[in-house]
$ cat my_file.cif   # mmCIF, C-alpha atoms and all ligand atoms
data_final
loop_
_atom_site.label_atom_id
_atom_site.label_comp_id
_atom_site.auth_asym_id
_atom_site.auth_seq_id
_atom_site.Cartn_x
_atom_site.Cartn_y
_atom_site.Cartn_z
CA MET A 1 127.18 114.94 105.80
CA ASN A 2 125.41 118.34 105.56
CA THR A 3 122.55 119.16 103.24
CA LEU A 4 120.99 122.59 102.84
CA ILE A 5 117.49 122.51 101.33
CA THR A 6 116.78 126.03 100.22
CA ASN A 7 114.26 128.02 98.22
CA ILE A 8 111.41 126.09 99.94
CA GLY A 9 108.16 127.78 98.93
CA GLU A 10 106.23 126.47 101.93
CA LEU A 11 107.70 124.69 104.94
CA THR A 12 105.36 123.02 107.43
CA THR A 13 107.29 122.78 110.68
CA ASN A 14 104.64 121.48 113.13
CA THR A 15 106.26 123.71 115.74
CA GLY A 16 105.43 127.15 117.10
CA ALA A 17 107.15 128.51 113.98
CA GLY A 18 104.13 127.30 111.99
CA ILE A 19 104.23 127.33 108.20
CA LEU A 20 107.12 129.34 106.73
CA ASP A 21 107.34 130.79 103.23
CA ASP A 22 110.70 131.14 101.45
CA ALA A 23 112.43 128.89 103.94
CA ALA A 24 115.53 126.73 104.23
CA VAL A 25 116.50 123.71 106.34
CA LEU A 26 119.99 122.53 107.20
CA ILE A 27 120.53 118.83 107.83
CA ASP A 28 123.61 117.77 109.76
CA ASP A 29 124.40 114.10 110.21
CA GLY A 30 120.85 112.79 110.28
CA ARG A 31 119.41 115.57 112.39
CA ILE A 32 117.93 118.95 111.58
CA ALA A 33 120.48 121.61 112.52
CA TRP A 34 118.79 124.84 111.47
CA VAL A 35 115.39 126.06 110.17
CA GLY A 36 114.58 129.59 109.02
CA ALA A 37 114.20 132.10 106.21
CA ALA A 38 116.11 131.14 103.05
CA ALA A 39 117.71 134.59 103.06
CA ASP A 40 119.24 133.88 106.48
CA ALA A 41 120.47 130.36 105.73
CA PRO A 42 123.95 129.67 107.08
CA SER A 43 126.60 128.96 104.49
CA VAL A 44 128.15 125.63 105.26
CA PRO A 45 131.27 124.84 103.24
CA GLY A 46 130.99 121.50 101.52
CA ALA A 47 127.26 121.12 102.15
CA GLU A 48 125.14 119.64 99.39
CA VAL A 49 122.66 122.35 98.33
CA VAL A 50 119.21 121.26 97.18
CA ASP A 51 117.12 123.91 95.45
CA ALA A 52 113.43 123.21 96.20
CA VAL A 53 112.45 125.67 93.45
CA GLY A 54 109.57 127.09 95.45
CA ARG A 55 107.99 123.75 96.25
CA ALA A 56 106.63 122.56 99.61
CA VAL A 57 108.53 120.60 102.25
CA ILE A 58 106.70 118.72 105.03
CA PRO A 59 107.79 116.38 107.83
CA GLY A 60 108.02 112.71 106.86
CA PHE A 61 104.80 110.82 107.54
CA VAL A 62 104.61 108.84 110.77
CA ASP A 63 102.43 105.81 110.06
CA SER A 64 101.66 104.60 113.58
CA HIS A 65 99.53 101.55 112.72
CA SER A 66 100.32 98.73 110.30
CA HIS A 67 100.21 94.95 110.04
CA LEU A 68 102.95 94.36 107.49
CA VAL A 69 104.19 90.89 108.41
CA PHE A 70 101.87 88.55 106.55
CA ALA A 71 101.63 86.35 103.49
CA GLY A 72 98.94 86.04 100.85
CA ASP A 73 96.22 88.59 100.20
CA ARG A 74 92.43 88.78 100.42
CA ALA A 75 91.51 90.42 97.16
CA ALA A 76 88.58 88.02 96.75
CA GLU A 77 87.20 89.13 100.12
CA PHE A 78 87.49 92.78 99.02
CA GLU A 79 85.75 92.01 95.76
CA ALA A 80 82.90 90.29 97.62
CA ARG A 81 82.61 93.29 99.94
CA MET A 82 82.32 95.65 97.04
CA ALA A 83 79.48 93.43 95.85
CA GLY A 84 77.68 93.92 99.17
CA GLN A 85 79.20 91.54 101.71
CA LYS A 86 80.09 92.88 105.17
CA TYR A 87 83.59 92.96 106.67
CA ALA A 88 84.08 90.32 109.38
CA ALA A 89 87.14 90.08 111.62
CA GLY A 90 87.11 86.29 111.04
CA GLY A 91 88.91 86.81 107.73
CA ILE A 92 92.05 87.38 109.79
CA ARG A 93 92.27 83.60 110.24
CA SER A 94 92.85 83.00 106.53
CA THR A 95 95.86 85.34 106.62
CA VAL A 96 97.07 83.50 109.72
CA ALA A 97 97.11 80.23 107.76
CA ALA A 98 99.05 81.80 104.86
CA THR A 99 101.50 83.51 107.20
CA ARG A 100 102.24 80.38 109.20
CA ALA A 101 103.06 78.59 105.94
CA ALA A 102 105.47 81.29 104.71
CA THR A 103 109.23 81.16 105.19
CA ASP A 104 111.16 83.90 107.00
CA GLU A 105 112.75 84.84 103.70
CA GLU A 106 109.39 85.30 102.01
CA LEU A 107 108.09 87.45 104.87
CA ARG A 108 111.30 89.50 104.80
CA ARG A 109 111.07 90.04 101.08
CA ARG A 110 107.49 91.28 101.42
CA LEU A 111 108.39 93.51 104.35
CA ARG A 112 111.19 95.11 102.38
CA GLY A 113 108.76 95.68 99.51
CA PHE A 114 106.30 97.45 101.81
CA MET A 115 109.04 99.58 103.32
CA ASP A 116 110.20 100.70 99.86
CA GLU A 117 106.62 101.37 98.80
CA MET A 118 105.98 103.45 101.94
CA LEU A 119 109.21 105.41 101.76
CA ALA A 120 108.44 106.34 98.16
CA GLN A 121 105.13 107.76 99.41
CA GLY A 122 106.80 109.83 102.12
CA THR A 123 106.50 107.59 105.19
CA THR A 124 109.68 107.78 107.25
CA THR A 125 108.51 106.01 110.43
CA VAL A 126 106.31 102.94 110.55
CA GLU A 127 104.90 100.93 113.43
CA ILE A 128 104.49 97.22 112.68
CA LYS A 129 102.29 94.74 114.55
CA SER A 130 102.41 90.99 114.80
CA GLY A 131 99.05 89.21 114.92
CA TYR A 132 99.01 86.82 111.98
CA GLY A 133 100.96 84.06 113.72
CA LEU A 134 98.95 83.35 116.89
CA THR A 135 101.26 80.59 118.15
CA VAL A 136 104.23 81.26 120.42
CA ALA A 137 106.72 80.41 117.68
CA ASP A 138 104.92 82.29 114.92
CA GLU A 139 104.28 85.45 116.92
CA GLU A 140 107.91 85.43 118.05
CA ARG A 141 108.93 85.13 114.39
CA LEU A 142 106.76 88.05 113.33
CA VAL A 143 107.99 90.47 116.01
CA ARG A 144 111.57 89.38 115.33
CA LEU A 145 111.21 90.10 111.59
CA ALA A 146 109.47 93.43 112.31
CA ALA A 147 112.27 94.40 114.69
CA GLU A 148 114.76 94.00 111.82
CA ILE A 149 113.27 97.08 110.19
CA THR A 150 111.64 99.29 112.82
CA THR A 151 111.96 100.11 116.50
CA GLU A 152 108.17 100.55 116.70
CA VAL A 153 107.24 96.89 117.07
CA THR A 154 103.89 95.91 118.56
CA PHE A 155 103.01 92.50 119.97
CA LEU A 156 99.43 91.75 118.89
CA GLY A 157 99.08 88.09 119.85
CA ALA A 158 95.55 89.07 120.92
CA HIS A 159 94.42 89.84 117.37
CA VAL A 160 91.74 87.13 117.22
CA VAL A 161 91.32 83.79 118.96
CA PRO A 162 92.86 81.25 116.55
CA ALA A 163 90.65 78.41 115.29
CA GLU A 164 92.37 75.82 117.52
CA TYR A 165 91.29 77.79 120.63
CA ALA A 166 87.81 78.71 119.38
CA GLU A 167 86.08 76.80 122.18
CA ARG A 168 88.41 77.99 124.95
CA PRO A 169 89.25 81.66 124.38
CA ASP A 170 90.38 82.26 127.98
CA GLU A 171 93.04 79.59 127.55
CA TYR A 172 94.26 81.49 124.53
CA VAL A 173 94.47 84.63 126.68
CA ASP A 174 96.55 82.58 129.17
CA LEU A 175 98.90 81.69 126.33
CA VAL A 176 99.15 85.29 125.12
CA THR A 177 99.80 86.70 128.59
CA GLY A 178 102.21 83.87 129.48
CA PRO A 179 104.62 82.10 127.13
CA MET A 180 103.78 84.17 124.06
CA LEU A 181 104.44 87.44 125.86
CA ASP A 182 107.68 85.99 127.26
CA ALA A 183 108.84 85.16 123.74
CA CYS A 184 107.72 88.42 122.11
CA ALA A 185 108.44 91.09 124.73
CA PRO A 186 112.19 91.25 124.01
CA TYR A 187 111.49 92.37 120.42
CA SER A 188 108.57 94.69 121.16
CA ARG A 189 107.96 98.20 122.42
CA TRP A 190 104.14 97.96 122.45
CA ILE A 191 101.34 95.63 123.49
CA ASP A 192 98.07 95.79 121.54
CA VAL A 193 94.72 93.97 121.62
CA PHE A 194 91.69 93.89 119.31
CA CYS A 195 88.96 94.77 121.82
CA GLU A 196 85.80 94.08 119.87
CA THR A 197 82.87 91.65 119.75
CA GLY A 198 84.21 88.66 117.81
CA ALA A 199 87.76 89.25 119.05
CA PHE A 200 88.45 89.97 122.77
CA THR A 201 86.15 91.24 125.54
CA VAL A 202 87.01 94.23 127.67
CA GLU A 203 88.03 91.94 130.53
CA GLN A 204 90.23 89.78 128.30
CA SER A 205 91.71 92.92 126.77
CA ARG A 206 92.50 94.30 130.21
CA ARG A 207 94.35 91.09 131.09
CA VAL A 208 96.40 91.28 127.90
CA LEU A 209 97.31 94.94 128.29
CA GLU A 210 98.12 94.67 132.00
CA ALA A 211 100.35 91.66 131.38
CA GLY A 212 102.21 93.62 128.70
CA ILE A 213 102.55 96.67 130.92
CA ALA A 214 103.96 94.46 133.69
CA ARG A 215 106.63 93.36 131.17
CA GLY A 216 107.55 96.96 130.37
CA LEU A 217 105.57 97.27 127.12
CA MET A 218 103.37 100.30 126.53
CA PRO A 219 99.72 99.83 125.61
CA ARG A 220 97.79 100.69 122.45
CA VAL A 221 94.36 99.32 121.56
CA HIS A 222 92.19 98.46 118.54
CA ALA A 223 88.64 99.45 119.51
CA SER A 224 85.20 100.51 118.27
CA GLN A 225 85.92 99.40 114.70
CA LEU A 226 82.73 97.45 114.14
CA ARG A 227 80.42 98.76 116.88
CA PRO A 228 80.64 100.83 120.06
CA GLY A 229 82.22 99.05 123.02
CA GLY A 230 84.28 99.51 126.15
CA GLY A 231 87.69 99.48 124.46
CA VAL A 232 88.15 103.24 124.26
CA ARG A 233 87.49 103.73 127.96
CA LEU A 234 89.82 100.85 128.81
CA ALA A 235 92.55 102.46 126.70
CA VAL A 236 92.09 105.78 128.46
CA GLU A 237 92.04 104.14 131.88
CA LEU A 238 95.36 102.40 131.15
CA ASP A 239 96.86 105.58 129.62
CA ALA A 240 97.35 103.87 126.27
CA ALA A 241 99.41 105.96 123.86
CA SER A 242 96.72 105.46 121.23
CA VAL A 243 93.37 103.86 120.61
CA ASP A 244 92.84 103.06 116.97
CA HIS A 245 89.84 102.87 114.58
CA GLY A 246 87.13 104.71 116.59
CA THR A 247 84.62 104.29 113.79
CA TYR A 248 81.76 104.07 116.31
CA LEU A 249 82.37 106.36 119.28
CA THR A 250 79.88 107.31 121.98
CA ASP A 251 79.76 110.78 123.51
CA ASP A 252 81.28 109.26 126.66
CA ASP A 253 84.19 107.90 124.62
CA VAL A 254 84.81 111.31 123.11
CA ALA A 255 84.70 113.03 126.51
CA ALA A 256 87.06 110.44 128.02
CA LEU A 257 89.53 110.85 125.14
CA ALA A 258 89.40 114.63 125.32
CA ALA A 259 90.32 114.53 129.00
CA SER A 260 93.23 112.12 128.42
CA GLU A 261 96.70 111.85 126.88
CA THR A 262 95.49 109.00 124.67
CA VAL A 263 95.56 109.78 120.95
CA LEU A 264 92.71 108.60 118.75
CA THR A 265 94.21 107.19 115.57
CA LEU A 266 91.78 107.28 112.68
CA LEU A 267 92.29 104.80 109.85
CA PRO A 268 90.37 106.06 106.81
CA GLY A 269 91.63 103.24 104.60
CA VAL A 270 89.50 100.88 106.68
CA GLU A 271 86.23 102.70 106.15
CA PHE A 272 87.13 103.09 102.48
CA SER A 273 87.77 99.39 102.03
CA THR A 274 84.93 98.10 104.22
CA ARG A 275 82.30 100.68 103.23
CA GLN A 276 81.70 101.67 106.82
CA PRO A 277 80.85 105.30 107.62
CA TYR A 278 83.81 107.63 107.98
CA PRO A 279 84.23 108.88 111.55
CA ASP A 280 83.57 112.57 112.12
CA ALA A 281 87.04 113.92 112.88
CA ARG A 282 85.64 117.44 113.18
CA ARG A 283 83.53 116.41 116.18
CA LEU A 284 86.60 114.86 117.80
CA ILE A 285 88.96 117.76 117.20
CA ASP A 286 86.37 120.30 118.31
CA ALA A 287 85.89 118.29 121.51
CA GLY A 288 89.63 118.50 122.21
CA VAL A 289 90.68 114.96 121.20
CA THR A 290 94.20 114.55 119.75
CA VAL A 291 93.76 112.81 116.39
CA ALA A 292 96.35 110.90 114.36
CA LEU A 293 95.98 109.38 110.90
CA ALA A 294 97.49 106.04 109.87
CA CYS A 295 97.07 103.53 107.03
CA ASP A 296 96.47 100.28 108.97
CA THR A 297 98.07 98.46 106.04
CA ASN A 298 96.80 94.87 106.19
CA PRO A 299 95.36 92.41 103.68
CA GLY A 300 91.85 92.44 105.17
CA SER A 301 90.45 95.80 106.12
CA SER A 302 92.82 98.31 104.47
CA PHE A 303 95.44 97.40 101.90
CA THR A 304 96.67 100.90 101.18
CA SER A 305 100.07 102.11 102.35
CA SER A 306 99.53 105.66 101.17
CA MET A 307 99.41 108.38 103.80
CA PRO A 308 98.54 110.98 101.12
CA PHE A 309 95.51 108.87 100.23
CA CYS A 310 94.42 108.80 103.90
CA ILE A 311 94.93 112.57 104.16
CA ALA A 312 92.78 113.10 101.09
CA ILE A 313 89.93 111.06 102.60
CA ALA A 314 90.26 112.80 105.97
CA VAL A 315 89.91 116.18 104.28
CA ARG A 316 87.22 115.21 101.79
CA ASP A 317 85.04 113.05 104.05
CA MET A 318 85.97 113.44 107.71
CA GLY A 319 85.86 117.20 108.20
CA MET A 320 89.57 117.83 108.72
CA THR A 321 91.28 120.87 107.25
CA PRO A 322 94.34 120.12 105.08
CA VAL A 323 96.64 121.44 107.79
CA GLU A 324 94.94 119.33 110.50
CA ALA A 325 95.17 116.22 108.35
CA LEU A 326 98.86 116.80 107.65
CA TRP A 327 99.51 117.38 111.36
CA ALA A 328 97.62 114.17 112.23
CA ALA A 329 99.69 112.18 109.69
CA THR A 330 103.01 113.49 111.05
CA ALA A 331 103.01 115.03 114.55
CA GLY A 332 99.83 113.13 115.47
CA GLY A 333 101.51 109.83 114.57
CA ALA A 334 104.53 110.85 116.62
CA ARG A 335 102.28 111.50 119.63
CA ALA A 336 100.58 108.14 119.08
CA LEU A 337 104.03 106.56 119.36
CA ARG A 338 105.06 108.85 122.24
CA ARG A 339 108.00 110.13 120.22
CA ASP A 340 109.33 113.68 120.36
CA ASP A 341 112.12 113.32 117.80
CA ILE A 342 109.93 112.88 114.70
CA GLY A 343 106.82 114.45 113.14
CA MET A 344 108.22 117.98 113.06
CA ILE A 345 110.91 120.03 111.35
CA ALA A 346 112.88 121.65 114.15
CA PRO A 347 116.50 121.80 115.27
CA GLY A 348 117.42 118.55 116.98
CA ALA A 349 114.64 116.48 115.38
CA ARG A 350 115.48 113.60 113.08
CA ALA A 351 116.00 114.77 109.52
CA ASP A 352 112.89 113.06 108.13
CA LEU A 353 111.47 115.33 105.41
CA VAL A 354 109.46 115.14 102.23
CA LEU A 355 109.75 117.41 99.20
CA LEU A 356 106.42 117.65 97.37
CA ASP A 357 106.12 118.41 93.69
CA ALA A 358 103.58 121.06 94.65
CA PRO A 359 103.64 124.60 96.02
CA SER A 360 101.61 123.74 99.12
CA HIS A 361 100.62 120.86 101.41
CA VAL A 362 97.00 121.51 100.39
CA HIS A 363 97.80 119.73 97.13
CA LEU A 364 97.99 116.43 99.06
CA SER A 365 94.20 116.39 99.19
CA TYR A 366 93.53 118.72 96.27
CA ARG A 367 95.33 116.34 93.86
CA PRO A 368 94.36 112.92 95.26
CA GLY A 369 96.04 109.90 93.75
CA VAL A 370 98.83 111.96 92.17
CA PRO A 371 102.35 110.94 93.25
CA LEU A 372 103.46 114.33 94.60
CA VAL A 373 106.22 112.96 96.84
CA THR A 374 109.36 113.60 94.80
CA ARG A 375 112.17 113.26 97.32
CA VAL A 376 112.34 111.89 100.84
CA TRP A 377 115.04 112.26 103.48
CA LYS A 378 115.08 109.68 106.26
CA ASP A 379 117.64 110.29 108.98
CA GLY A 380 119.18 112.79 106.59
CA VAL A 381 119.68 110.26 103.80
CA SER A 382 118.03 111.19 100.52
CA HIS A 383 115.81 108.77 98.62
CA GLY A 384 114.28 109.45 95.23
O1 LIG B 401 93.20 96.83 112.13
N1 LIG B 401 91.00 95.10 113.49
C1 LIG B 401 91.78 94.19 113.46
N2 LIG B 401 92.82 94.03 112.67
C2 LIG B 401 92.98 94.63 111.40
C3 LIG B 401 92.29 93.84 110.34
C4 LIG B 401 93.03 92.67 110.06
C5 LIG B 401 92.46 91.81 108.96
O2 LIG B 401 91.29 91.92 108.54
O3 LIG B 401 93.26 90.98 108.52
C6 LIG B 401 92.57 96.07 111.41
O4 LIG B 401 91.64 96.49 110.71
FE FE B 402 94.91 97.28 112.78
#

$ encode --input "my_file.cif" --output "structure tokens" --more "lines below"
Ligand code: NIG
Ligand code: FE
Amino acid sequence: MNTLITNIGELTTNTGAGILDDAAVLIDDGRIAWVGAAADAPSVPGAEVVDAVGRAVIPGFVDSHSHLVFAGDRAAEFEARMAGQKYAAGGIRSTVAATRAATDEELRRRLRGFMDEMLAQGTTTVEIKSGYGLTVADEERLVRLAAEITTEVTFLGAHVVPAEYAERPDEYVDLVTGPMLDACAPYSRWIDVFCETGAFTVEQSRRVLEAGIARGLMPRVHASQLRPGGGVRLAVELDAASVDHGTYLTDDDVAALAASETVLTLLPGVEFSTRQPYPDARRLIDAGVTVALACDTNPGSSFTSSMPFCIAIAVRDMGMTPVEALWAATAGGARALRRDDIGMIAPGARADLVLLDAPSHVHLSYRPGVPLVTRVWKDGVSHG
């Protein structure tokens, strides 16, 4: 099935072609077949023609960090935080209890709801982590359910030490790196760990990541969310695709990231929802760090699934330009997932595109909170 989107007022390609005015894109069977000036568009007999009426088209958002398989919510915790209480990673355990009690069908229904919600907001690729099961059977269940809807599945058995192992955390790491990894690896592409005081030490994190790597999974790391620590340098040392959060980075962390292939994925929804300081993305980009943006959708620290919302914060409060923030939310996410078939509009790439009800991508941050995403193509199939 061919679709020609023409009369595009502004097309952000994320390639050497840059941002094109008066452009057109041809989609052929789920892939982008041609990109160029509308006046030069090929005429394809039988193609569906979509007139963008001068509006902007951007690549679909690549949300490279989410925790979507869970039950319950923690609205009361959020309310208490807004009244002055601090975020504590221990809240994860209450979601673990709710998730363990949920049926597969309930978790599936919620997952489908999140996927619909995200697609409607322009997200065409989503990474999903486990981490609210924390037993062999429950973690296996969560990665299995995640694998039903995305190829970007991350095993995060090392999210926190569950209550039943509170006194013997190293035994929990044995479980994660042994039977739990055995059960989860077949469904997963990634191994992740929450390397933070109150979760896992650098040495425990290293064990988890190295065990995953030995099983053919690729590493990504949660680090420096609550205070500076050694997680960023561990991620760089192990050539992790991404290290995520980075709310509290040292100059050494920044230098190590800048000299590496590891992407720093910023999660502005977390600072928004926990009232922590926003990281200074300008400092990172100027130092040469590759920055991605993601939502970190989860019931504790960030319950938004809106990439436009994260872009708006990144521009308003983190020193990114609109074009940098859009790149970070698309091509940056693709880099964080080590994918070269998404995050750009170029011949051969997947036909994942978003039509905005706006003349320019700048409106994503200029008109925060306004549902500008009017039509989304995922693998060439139109939604909305
Ligand atoms: O990415 N940092 C650890 N995990 C999640 C929070 C999970 C929760 O609070 O339930 C995060 O912010
Ligand atoms: Fe997270």

$ closest_residue --input "my_file.cif" --among "A:Gly300, A:Gly216, A:Gly113, A:Gly380" --to "Ala351 in chain A" --atoms "all atoms listed in the file"
A:Gly380

$ residues_around --input "my_file.cif" --residues "Asp357 in chain A" --least-positions-apart "3" --cutoff "12 Å" --atoms "all atoms listed in the file" --output "list of chain:residue names"
A:Ile8, A:Gly9, A:Glu10, A:Ala52, A:Val53, A:Gly54, A:Arg55, A:Ala56, A:Val57, A:Ile58, A:Val354, A:Ser360, A:His361, A:Val362, A:His363, A:Leu364, A:Arg367, A:Val370, A:Pro371, A:Leu372, A:Val373, A:Thr374, A:Arg375, A:Val376

$ closest_residue --input "my_file.cif" --among "A:Thr3, A:Thr124, A:Gln276, A:Ser66" --to "ligand LIG 401 (chain B)" --atoms "all atoms listed in the file"
A:Ser66

$ closest_atom_pairs --input "my_file.cif" --of "chain A" --to "ligand LIG 401 (chain B)" --cutoff "7 Å" --atoms "all atoms listed in the file" --output "tab-separated table"
residue	atom	partner	partner_atom	distance
A:Ala89	CA	B:LIG401	O2	5.5
A:Gly91	CA	B:LIG401	O2	5.7
A:Ile92	CA	B:LIG401	O3	4.0
A:Thr95	CA	B:LIG401	O3	6.5
A:His159	CA	B:LIG401	C1	6.4
A:Phe194	CA	B:LIG401	C1	5.9
A:His222	CA	B:LIG401	N1	6.2
A:Gln225	CA	B:LIG401	N1	6.8
A:Val270	CA	B:LIG401	O4	6.3
A:Asp296	CA	B:LIG401	O1	5.7
A:Asn298	CA	B:LIG401	O3	5.8
A:Pro299	CA	B:LIG401	O3	5.5
A:Gly300	CA	B:LIG401	O2	3.5
A:Ser301	CA	B:LIG401	O2	4.6
A:Ser302	CA	B:LIG401	O4	6.6

$ residues_near_ligand --input "my_file.cif" --ligand "ligand FE 402 (chain B)" --cutoff "12 Å" --atoms "only C-alpha atoms and all ligand atoms" --output "ChimeraX atom specification"
/A:63-68,89,92,127-132,154-156,158-160,192-196,220-225,242-246,265-270,294-303

$ atom_distance --input "my_file.cif" --atom1 "CA of Ala47 in chain A" --atom2 "CA of Ser382 in chain A"
13.7 Å

$ closest_atom_pairs --input "my_file.cif" --of "range 40-88 of chain A" --to "range 329-346 of chain A" --cutoff "6 Å" --atoms "all atoms listed in the file" --output "Markdown table"
| residue | atom | partner | partner_atom | distance |
| --- | --- | --- | --- | --- |
| A:Pro59 | CA | A:Met344 | CA | 5.5 |
| A:Phe61 | CA | A:Thr330 | CA | 4.8 |
| A:Val62 | CA | A:Thr330 | CA | 4.9 |
| A:Ser64 | CA | A:Gly333 | CA | 5.3 |

$ closest_residue --input "my_file.cif" --among "A:Ala83, A:Met320, A:Met307, A:Ala24" --to "Glu117 in chain A" --atoms "all atoms listed in the file"
A:Met307

$ closest_residue --input "my_file.cif" --among "A:Val44, A:Leu145, A:Leu284, A:Val289" --to "Gly319 in chain A" --atoms "all atoms listed in the file"
A:Leu284

$ build_atoms --input "my_file.cif" --residues "range 339-352 of chain A" --atoms "N, CA and C atoms" --output "compact mmCIF listing (two decimals), in the coordinates of the input"
# COMPACT_ATOMS: atom_id res chain seq x y z
N ARG A 339 106.66 109.75 120.69
CA ARG A 339 108.00 110.13 120.22
C ARG A 339 108.07 111.65 120.10
N ASP A 340 109.19 112.23 120.53
CA ASP A 340 109.33 113.68 120.36
C ASP A 340 110.47 114.05 119.43
N ASP A 341 111.00 113.05 118.71
CA ASP A 341 112.12 113.32 117.80
C ASP A 341 111.71 113.25 116.34
N ILE A 342 110.43 113.02 116.08
CA ILE A 342 109.93 112.88 114.70
C ILE A 342 108.61 113.66 114.58
N GLY A 343 108.13 113.81 113.34
CA GLY A 343 106.82 114.45 113.14
C GLY A 343 106.89 115.97 113.08
N MET A 344 108.09 116.52 113.12
CA MET A 344 108.22 117.98 113.06
C MET A 344 109.56 118.32 112.39
N ILE A 345 109.65 119.57 111.94
CA ILE A 345 110.91 120.03 111.35
C ILE A 345 111.44 121.12 112.28
N ALA A 346 112.36 120.74 113.13
CA ALA A 346 112.88 121.65 114.15
C ALA A 346 114.30 121.23 114.49
N PRO A 347 115.14 122.17 114.91
CA PRO A 347 116.50 121.80 115.27
C PRO A 347 116.51 120.69 116.31
N GLY A 348 117.32 119.67 116.06
CA GLY A 348 117.42 118.55 116.98
C GLY A 348 116.57 117.36 116.59
N ALA A 349 115.50 117.60 115.81
CA ALA A 349 114.64 116.48 115.38
C ALA A 349 115.37 115.64 114.33
N ARG A 350 114.93 114.42 114.15
CA ARG A 350 115.48 113.60 113.08
C ARG A 350 115.21 114.27 111.73
N ALA A 351 116.15 114.14 110.84
CA ALA A 351 116.00 114.77 109.52
C ALA A 351 115.16 113.87 108.61
N ASP A 352 113.87 113.82 108.91
CA ASP A 352 112.89 113.06 108.13
C ASP A 352 111.99 114.08 107.43
